[in-house]
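S.K.: Just so it is clear, I am handing over upload_15.csv, which has CSV, C-alpha atoms and all ligand atoms.
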```csv
chain,number,residue,atom,x,y,z
Y,1,MET,CA,0.0,0.0,0.0
Y,2,THR,CA,1.5,3.3,-1.1
Y,3,LEU,CA,0.2,6.8,-0.8
Y,4,LEU,CA,1.2,9.2,-3.6
Y,5,ILE,CA,1.3,12.9,-3.0
Y,6,LEU,CA,0.4,14.5,-6.2
Y,7,ALA,CA,0.4,18.2,-5.5
Y,8,PRO,CA,3.4,19.9,-7.0
Y,9,ASN,CA,2.5,23.4,-5.7
Y,10,ALA,CA,1.1,22.6,-2.3
Y,11,ARG,CA,4.0,21.8,0.1
Y,12,PRO,CA,4.2,18.0,-0.7
Y,13,LYS,CA,7.2,17.4,1.6
Y,14,ILE,CA,5.3,18.8,4.6
Y,15,TRP,CA,2.3,16.6,3.9
Y,16,ALA,CA,4.6,13.6,3.5
Y,17,ARG,CA,6.2,14.3,6.9
Y,18,GLU,CA,2.9,14.7,8.7
Y,19,ILE,CA,1.5,11.5,7.3
Y,20,LYS,CA,4.6,9.6,8.1
Y,21,LEU,CA,4.4,10.8,11.7
Y,22,LEU,CA,1.0,9.2,11.9
Y,23,ASP,CA,1.9,6.0,10.2
Y,24,PRO,CA,5.6,5.4,9.9
Y,25,ASN,CA,5.0,2.1,8.1
Y,26,LEU,CA,3.0,3.7,5.2
Y,27,ASP,CA,5.0,4.0,2.0
Y,28,VAL,CA,4.6,7.6,1.0
Y,29,ARG,CA,5.9,8.9,-2.4
Y,30,ILE,CA,6.0,12.4,-3.8
Y,31,TRP,CA,5.2,12.8,-7.5
Y,32,PRO,CA,7.2,12.2,-9.8
Y,33,ASN,CA,9.3,10.0,-7.6
Y,34,VAL,CA,7.5,6.8,-8.2
Y,35,ASP,CA,9.2,3.5,-9.2
Y,36,HIS,CA,6.1,1.4,-10.0
Y,37,LEU,CA,2.8,3.0,-10.8
Y,38,ASP,CA,0.9,-0.1,-9.8
Y,39,ASP,CA,2.1,0.2,-6.1
Y,40,ILE,CA,0.0,3.3,-5.7
Y,41,THR,CA,-3.3,2.6,-3.8
Y,42,TYR,CA,-4.0,6.1,-2.5
Y,43,ALA,CA,-3.4,9.6,-3.9
Y,44,LEU,CA,-3.4,12.9,-2.1
Y,45,VAL,CA,-4.1,15.5,-4.7
Y,46,TRP,CA,-4.2,19.2,-5.3
Y,47,ASP,CA,-4.2,20.8,-8.8
Y,48,ALA,CA,-2.5,17.8,-10.3
Y,49,PRO,CA,-1.6,17.6,-14.0
Y,50,LYS,CA,-4.4,15.9,-15.9
Y,51,GLY,CA,-4.1,12.2,-16.8
Y,52,ILE,CA,-1.8,11.1,-14.0
Y,53,LEU,CA,-4.6,9.6,-11.8
Y,54,SER,CA,-5.8,7.4,-14.7
Y,55,SER,CA,-2.3,5.9,-15.1
Y,56,LEU,CA,-2.5,4.4,-11.6
Y,57,PRO,CA,-4.1,0.9,-12.1
Y,58,ASN,CA,-4.5,0.0,-8.4
Y,59,LEU,CA,-5.7,3.4,-7.1
Y,60,ARG,CA,-8.5,3.0,-4.5
Y,61,ILE,CA,-8.9,6.4,-2.8
Y,62,ILE,CA,-8.3,9.9,-4.0
Y,63,PHE,CA,-8.0,12.5,-1.2
Y,64,SER,CA,-8.5,16.2,-2.0
Y,65,MET,CA,-6.1,18.5,-0.1
Y,66,GLY,CA,-8.9,21.1,0.2
Y,67,ALA,CA,-12.6,21.4,0.8
Y,68,GLY,CA,-13.2,22.0,-2.9
Y,69,VAL,CA,-13.1,19.0,-5.3
Y,70,ASP,CA,-13.9,20.8,-8.5
Y,71,HIS,CA,-10.2,20.4,-9.6
Y,72,PHE,CA,-10.8,16.6,-10.0
Y,73,PHE,CA,-13.8,17.0,-12.4
Y,74,LEU,CA,-11.8,19.2,-14.8
Y,75,ASP,CA,-9.8,16.0,-15.6
Y,76,SER,CA,-11.8,14.1,-18.1
Y,77,THR,CA,-9.6,11.0,-17.5
Y,78,LEU,CA,-10.5,10.9,-13.8
Y,79,PRO,CA,-10.8,7.1,-13.0
Y,80,GLU,CA,-14.3,5.9,-12.5
Y,81,ASN,CA,-14.2,3.3,-9.7
Y,82,VAL,CA,-12.2,5.2,-7.2
Y,83,THR,CA,-13.6,6.8,-4.1
Y,84,ILE,CA,-13.0,10.5,-3.7
Y,85,CYS,CA,-12.7,12.1,-0.3
Y,86,ARG,CA,-12.7,15.8,0.5
Y,87,VAL,CA,-11.6,17.7,3.6
Y,88,VAL,CA,-13.9,18.6,6.4
Y,89,ASP,CA,-11.7,20.1,9.1
Y,90,SER,CA,-12.6,22.3,12.1
Y,91,LEU,CA,-9.5,24.5,11.6
Y,92,LEU,CA,-10.5,25.0,7.9
Y,93,THR,CA,-14.0,25.9,9.0
Y,94,ASP,CA,-12.9,28.2,11.8
Y,95,ALA,CA,-10.6,30.1,9.4
Y,96,MET,CA,-13.5,30.5,6.9
Y,97,CYS,CA,-15.7,31.9,9.7
Y,98,GLU,CA,-13.0,34.4,10.6
Y,99,TYR,CA,-12.8,35.5,7.0
Y,100,VAL,CA,-16.5,35.8,6.4
Y,101,ILE,CA,-17.1,37.6,9.7
Y,102,LEU,CA,-14.2,40.0,9.1
Y,103,HIS,CA,-15.5,41.1,5.7
Y,104,THR,CA,-19.2,41.1,6.6
Y,105,LEU,CA,-18.5,43.3,9.6
Y,106,ARG,CA,-16.4,45.6,7.5
Y,107,TYR,CA,-19.4,46.2,5.3
Y,108,HIS,CA,-21.9,46.3,8.0
Y,109,ARG,CA,-19.9,48.9,9.9
Y,110,ASN,CA,-19.4,51.0,6.7
Y,111,GLN,CA,-15.6,50.6,7.0
Y,112,PRO,CA,-14.8,51.4,3.3
Y,113,GLU,CA,-16.5,54.7,3.7
Y,114,LEU,CA,-14.8,55.5,7.0
Y,115,GLU,CA,-11.4,54.8,5.3
Y,116,LYS,CA,-12.3,57.2,2.6
Y,117,GLN,CA,-13.2,59.8,5.2
Y,118,GLN,CA,-9.9,59.4,7.0
Y,119,LYS,CA,-8.1,60.2,3.7
Y,120,SER,CA,-9.9,63.5,3.6
Y,121,HIS,CA,-9.6,64.2,7.4
Y,122,THR,CA,-13.4,64.1,7.6
Y,123,TRP,CA,-15.1,63.5,11.0
Y,124,ASN,CA,-18.5,62.0,10.4
Y,125,ASP,CA,-19.9,59.2,12.6
Y,126,LEU,CA,-22.1,58.0,9.8
Y,127,SER,CA,-24.9,57.5,12.3
Y,128,ASP,CA,-27.5,58.1,9.6
Y,129,LYS,CA,-26.2,55.0,7.8
Y,130,GLN,CA,-25.3,52.7,10.6
Y,131,ILE,CA,-28.0,50.1,11.1
Y,132,HIS,CA,-28.4,47.5,13.9
Y,133,ALA,CA,-27.3,43.9,13.3
Y,134,LYS,CA,-30.9,42.7,13.5
Y,135,ASP,CA,-31.8,45.0,10.5
Y,136,GLN,CA,-28.8,43.8,8.4
Y,137,THR,CA,-29.8,41.0,6.1
Y,138,ILE,CA,-27.1,38.6,5.1
Y,139,GLY,CA,-27.6,35.8,2.5
Y,140,PHE,CA,-25.5,32.7,2.0
Y,141,LEU,CA,-25.3,30.8,-1.2
Y,142,GLY,CA,-24.2,27.4,-0.2
Y,143,MET,CA,-25.0,25.9,3.2
Y,144,GLY,CA,-22.5,23.1,3.4
Y,145,GLU,CA,-20.0,22.7,6.3
Y,146,LEU,CA,-18.5,26.2,5.7
Y,147,GLY,CA,-21.7,28.1,4.9
Y,148,LYS,CA,-23.6,26.6,7.8
Y,149,ALA,CA,-20.8,27.4,10.3
Y,150,CYS,CA,-20.5,31.1,9.2
Y,151,ALA,CA,-24.2,31.6,9.0
Y,152,THR,CA,-24.7,30.2,12.5
Y,153,ILE,CA,-22.2,32.6,14.0
Y,154,LEU,CA,-23.6,35.6,12.3
Y,155,ALA,CA,-27.1,34.6,13.4
Y,156,GLU,CA,-25.8,34.3,17.0
Y,157,MET,CA,-24.5,37.9,16.5
Y,158,LYS,CA,-28.1,38.8,15.9
Y,159,PHE,CA,-27.9,39.5,12.1
Y,160,SER,CA,-30.9,38.4,9.9
Y,161,VAL,CA,-29.4,35.5,8.1
Y,162,TYR,CA,-30.8,33.7,5.1
Y,163,GLY,CA,-29.3,30.6,3.5
Y,164,TRP,CA,-29.8,29.0,0.1
Y,165,SER,CA,-28.8,25.4,-0.8
Y,166,ARG,CA,-29.6,22.8,-3.4
Y,167,SER,CA,-31.4,20.6,-0.9
Y,168,PRO,CA,-33.6,21.7,2.1
Y,169,LYS,CA,-31.8,22.5,5.3
Y,170,ASN,CA,-32.9,23.3,8.8
Y,171,ILE,CA,-30.3,25.4,10.6
Y,172,SER,CA,-31.1,27.1,13.9
Y,173,GLY,CA,-31.3,30.9,13.7
Y,174,VAL,CA,-31.0,30.9,9.9
Y,175,SER,CA,-34.0,31.2,7.4
Y,176,CYS,CA,-33.2,28.4,5.0
Y,177,PHE,CA,-34.5,28.2,1.4
Y,178,HIS,CA,-33.8,26.0,-1.6
Y,179,GLY,CA,-34.7,25.6,-5.3
Y,180,THR,CA,-35.3,28.4,-7.8
Y,181,GLU,CA,-38.0,30.2,-5.9
Y,182,GLY,CA,-35.9,29.9,-2.7
Y,183,LEU,CA,-33.0,31.6,-4.5
Y,184,LYS,CA,-35.2,34.5,-5.5
Y,185,THR,CA,-36.3,35.0,-1.9
Y,186,VAL,CA,-32.7,34.9,-0.5
Y,187,LEU,CA,-31.4,37.3,-3.2
Y,188,GLN,CA,-34.2,39.8,-2.5
Y,189,LYS,CA,-33.2,39.9,1.1
Y,190,SER,CA,-29.4,39.8,0.8
Y,191,LYS,CA,-27.9,43.2,1.4
Y,192,ILE,CA,-24.6,41.3,2.0
Y,193,LEU,CA,-24.3,38.2,-0.2
Y,194,ILE,CA,-21.8,35.5,0.6
Y,195,CYS,CA,-20.9,32.8,-1.9
Y,196,LEU,CA,-19.6,29.5,-0.4
Y,197,LEU,CA,-21.0,27.2,-3.0
Y,198,PRO,CA,-19.2,24.2,-4.4
Y,199,LEU,CA,-18.2,24.7,-8.0
Y,200,THR,CA,-20.2,22.4,-10.2
Y,201,LYS,CA,-21.8,22.5,-13.7
Y,202,GLU,CA,-24.9,24.1,-12.1
Y,203,THR,CA,-23.1,26.8,-10.1
Y,204,LYS,CA,-20.5,27.9,-12.6
Y,205,GLY,CA,-21.2,31.6,-13.5
Y,206,ILE,CA,-24.0,31.9,-11.0
Y,207,LEU,CA,-22.8,35.3,-9.8
Y,208,ASN,CA,-23.9,37.1,-12.9
Y,209,ALA,CA,-25.8,40.3,-14.0
Y,210,CYS,CA,-29.2,38.5,-13.7
Y,211,LEU,CA,-28.4,37.4,-10.1
Y,212,PHE,CA,-27.0,40.9,-9.1
Y,213,SER,CA,-30.2,42.5,-10.4
Y,214,LYS,CA,-32.3,40.6,-7.9
Y,215,LEU,CA,-30.3,41.9,-4.9
Y,216,PRO,CA,-31.2,45.1,-3.0
Y,217,LYS,CA,-29.7,48.1,-4.7
Y,218,GLY,CA,-26.2,48.8,-3.4
Y,219,ALA,CA,-25.6,45.2,-2.1
Y,220,TYR,CA,-22.2,43.9,-1.1
Y,221,LEU,CA,-20.7,40.7,-2.5
Y,222,ILE,CA,-18.2,38.4,-0.7
Y,223,ASN,CA,-17.0,35.5,-2.8
Y,224,ALA,CA,-14.9,32.8,-1.1
Y,225,GLY,CA,-16.3,30.0,-3.2
Y,226,ARG,CA,-14.5,29.7,-6.5
Y,227,GLY,CA,-13.5,32.3,-9.1
Y,228,GLN,CA,-15.5,30.5,-11.8
Y,229,HIS,CA,-18.7,31.3,-9.9
Y,230,LEU,CA,-18.3,34.9,-10.9
Y,231,VAL,CA,-18.8,36.5,-14.3
Y,232,GLU,CA,-16.1,39.1,-13.9
Y,233,GLU,CA,-17.4,41.6,-16.5
Y,234,ASP,CA,-20.9,41.5,-14.8
Y,235,LEU,CA,-19.4,42.4,-11.5
Y,236,LEU,CA,-17.6,45.4,-13.0
Y,237,SER,CA,-20.9,46.6,-14.6
Y,238,ALA,CA,-22.9,46.0,-11.4
Y,239,LEU,CA,-20.4,48.1,-9.5
Y,240,ASP,CA,-20.4,50.8,-12.2
Y,241,ILE,CA,-24.2,51.2,-12.1
Y,242,GLY,CA,-24.4,51.1,-8.3
Y,243,GLN,CA,-26.3,47.8,-8.2
Y,244,LEU,CA,-23.5,46.6,-6.1
Y,245,SER,CA,-21.5,48.9,-3.7
Y,246,TYR,CA,-18.5,46.8,-3.0
Y,247,ALA,CA,-17.1,43.3,-3.5
Y,248,THR,CA,-14.6,41.2,-1.6
Y,249,LEU,CA,-13.0,38.4,-3.6
Y,250,ASP,CA,-10.8,35.6,-2.4
Y,251,VAL,CA,-10.9,33.5,-5.5
Y,252,PHE,CA,-10.5,34.2,-9.2
Y,253,ASN,CA,-10.9,32.7,-12.6
Y,254,GLU,CA,-7.2,32.8,-13.0
Y,255,GLU,CA,-4.9,32.5,-9.9
Y,256,PRO,CA,-2.6,34.2,-9.1
Y,257,LEU,CA,-4.7,37.1,-10.4
Y,258,PRO,CA,-2.8,38.5,-13.4
Y,259,VAL,CA,-0.9,41.8,-12.5
Y,260,GLU,CA,-2.7,43.8,-15.2
Y,261,HIS,CA,-6.2,42.6,-14.1
Y,262,PRO,CA,-8.7,45.5,-13.6
Y,263,PHE,CA,-9.8,44.1,-10.2
Y,264,TRP,CA,-6.5,45.1,-8.6
Y,265,GLU,CA,-7.0,48.9,-9.0
Y,266,HIS,CA,-10.8,48.9,-8.6
Y,267,PRO,CA,-11.7,51.2,-5.6
Y,268,GLN,CA,-14.8,49.1,-4.8
Y,269,ILE,CA,-13.1,45.7,-4.9
Y,270,THR,CA,-11.1,44.1,-2.0
Y,271,ILE,CA,-8.8,41.3,-3.1
Y,272,THR,CA,-7.3,38.6,-0.9
Y,273,PRO,CA,-5.0,36.0,-2.4
Y,274,HIS,CA,-7.1,32.8,-1.9
Y,275,ASN,CA,-6.1,32.7,1.7
Y,276,ALA,CA,-9.6,32.8,3.3
Y,277,SER,CA,-9.0,29.4,4.7
Y,278,ILE,CA,-5.9,27.3,4.0
Y,279,THR,CA,-5.7,23.6,4.7
Y,280,ASP,CA,-3.5,22.7,7.7
Y,281,PRO,CA,-1.5,19.6,6.8
Y,282,LYS,CA,-1.0,18.5,10.4
Y,283,SER,CA,-4.7,18.6,11.1
Y,284,VAL,CA,-5.9,17.2,7.8
Y,285,SER,CA,-3.4,14.3,7.7
Y,286,LYS,CA,-5.3,12.8,10.6
Y,287,GLN,CA,-8.4,12.3,8.5
Y,288,ILE,CA,-6.4,10.9,5.6
Y,289,TYR,CA,-4.8,8.4,8.0
Y,290,GLU,CA,-8.2,7.6,9.5
Y,291,ASN,CA,-9.7,6.9,6.1
Y,292,ILE,CA,-6.9,4.6,5.1
Y,293,ARG,CA,-7.4,2.8,8.4
Y,294,ARG,CA,-11.1,2.5,7.8
Y,295,GLU,CA,-10.6,1.2,4.3
Y,296,ALA,CA,-8.3,-1.5,5.6
Y,297,GLN,CA,-11.0,-2.5,8.1
Y,298,LYS,CA,-13.8,-2.2,5.6
Y,299,ILE,CA,-15.5,0.6,7.6
Y,300,PRO,CA,-17.4,3.3,5.6
Y,301,LEU,CA,-15.1,6.2,4.7
Y,302,LEU,CA,-15.6,9.7,6.0
Y,303,ASN,CA,-16.3,12.8,3.8
Y,304,THR,CA,-16.8,11.0,0.6
Y,305,VAL,CA,-17.8,12.9,-2.6
Y,306,ASN,CA,-20.9,12.3,-4.6
Y,307,ARG,CA,-19.6,12.2,-8.1
Y,308,ARG,CA,-23.0,12.9,-9.6
Y,309,LEU,CA,-23.4,16.1,-7.6
Y,310,GLU,CA,-19.6,16.9,-7.9
Y,311,TYR,CA,-19.2,17.7,-4.2
F,401,LIG,C1,-9.6,25.8,-1.0
F,401,LIG,O1,-10.0,26.6,-1.8
F,401,LIG,C2,-10.2,24.6,-0.7
F,401,LIG,O2,-11.0,24.0,-1.5
F,401,LIG,O3,-10.0,24.1,0.5
```
Please lay out the structure from this file as structure tokens.
M.R.:
Amino acid sequence: MTLLILAPNARPKIWAREIKLLDPNLDVRIWPNVDHLDDITYALVWDAPKGILSSLPNLRIIFSMGAGVDHFFLDSTLPENVTICRVVDSLLTDAMCEYVILHTLRYHRNQPELEKQQKSHTWNDLSDKQIHAKDQTIGFLGMGELGKACATILAEMKFSVYGWSRSPKNISGVSCFHGTEGLKTVLQKSKILICLLPLTKETKGILNACLFSKLPKGAYLINAGRGQHLVEEDLLSALDIGQLSYATLDVFNEEPLPVEHPFWEHPQITITPHNASITDPKSVSKQIYENIRREAQKIPLLNTVNRRLEY
């Protein structure tokens, strides 16, 4: 049994060290240092070159290094009969909560405007604009592990929180909706809209002009899902016409965001370099080890991906 780490740009040596600490007997290889492809039974993957997974004849489990698994489905040669597991990790969830709360509060407390005022030495407490948390409506697209955790904290802080997901959910303190009608309701309410959807065929390009037009005028967007959720030109137009006031983006169609990209200089866009929540190898190695142990003992694996739904 051999675990292959196939993640050229994601600190493969650190992952190898952490997994070896948990199971010194497990043979761990880092791509491309593999003698026999047929030794490989498990692969730990992030942004791998396409076609490699299908060249491993005895592969049984593919582990994603991150919560998102869309990177696998871009590979048309992804082997069929192999289980895929994603990351569900409390540190990853906590970091995403910090990010979402930071940027939500920044908009709720009119911080961009206060920063502008500081530049012109203007003293104005903005009391005419500042509303109470209970009157601030926040909508989530995506109520998976991350969306649910962020929405719950904001609801505990007394914000009016709405959540939209593919299937019905019941989350304490959060008004949950699903389906096409449900989406309309959530959008109409969302002065601050947060996207934490998985990227699938259905959700690609969902943040577009039509969706923006259903938000309250002057809404704020926070996208920590995937860059491909957003139609970039539609965001620029929505900001131009005042349909959106500001956007915070952690993820982009092309990463790193090209130096000449118009988002960098846009006064209403805040950019973070896909660091909302970064996988911690020490913490996540434990669940990889646990799933390898479960497979050996024929116990159902944790956090498996539904290939049909692509998440
Ligand atoms: C990062 O984007 C992840 O999917 O964990």
S.K.: List as a list in words the residues having at least one atom at most 10 Å from position (-7.1, 17.2, -4.0) as given in the file, counting only C-alpha atoms.
M.R.: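 Nearby residues: Ile5, Leu6, Ala7, Ala10, Ala43, Leu44, Val45, Trp46, Asp47, Ala48, Ile62, Phe63, Ser64, Met65, Gly66, Ala67, Gly68, Val69, Asp70, His71, Phe72, Ile84, Cys85, Arg86 and Val87 of chain Y.
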S.K.: As an exercise, work out the distance from atom CA of Y:Lys13 to atom CA of Y:Asn303 in Å and give it to one decimal place.
M.R.: 24.0 Å
S.K.: Which residue gives the smallest distance to Y:Glu310 among Y:Thr200, Y:Asn81, Y:Ser165, Y:Ser120, with only C-alpha atoms counted?
M.R.: Y:Thr200
S.K.: Between atom CA of Y:Leu102 and atom CA of Y:Leu141, what is the distance, to one decimal in Å?
M.R.: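 Interatomic distance, atom CA of Y:Leu102 to atom CA of Y:Leu141: 17.7 Å.
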S.K.: Please report the interatomic distance between atom CA of Y:Gly51 and atom CA of Y:Asp75 in Å with one decimal.
M.R.: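 Calculated distance between atom CA of Y:Gly51 and atom CA of Y:Asp75 is 7.0 Å.
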S.K.: Counting only C-alpha atoms and all ligand atoms, figure out which residue out of Y:Asp39, Y:Glu115, Y:Asp234, Y:Glu255 gets nearest to ligand LIG 401 (chain F).
M.R.: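 Selected residue with least distance to ligand LIG 401 (chain F): Y:Glu255.
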S.K.: With all atoms listed in the file as the counted atoms, please give the residues lying no more than 7 Å from Y:Ala151, apart from itself and same-chain residues fewer than 3 positions off, as a PyMOL selection string.
M.R.: chain Y and resi 147-148+154-155+161+174
S.K.: Between Y:Arg226, Y:Val88, Y:Thr104, Y:Gly163, which is the closest to Y:Phe140 once you count all atoms listed in the file?
M.R.: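 Ranking Y:Arg226, Y:Val88, Y:Thr104, Y:Gly163 by distance to Y:Phe140, first place goes to Y:Gly163.
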S.K.: Measuring between all atoms listed in the file, which one of Y:Lys134, Y:Ile194, Y:Val186, Y:Glu80 shows the shortest distance to Y:Ile101?
M.R.: Y:Ile194
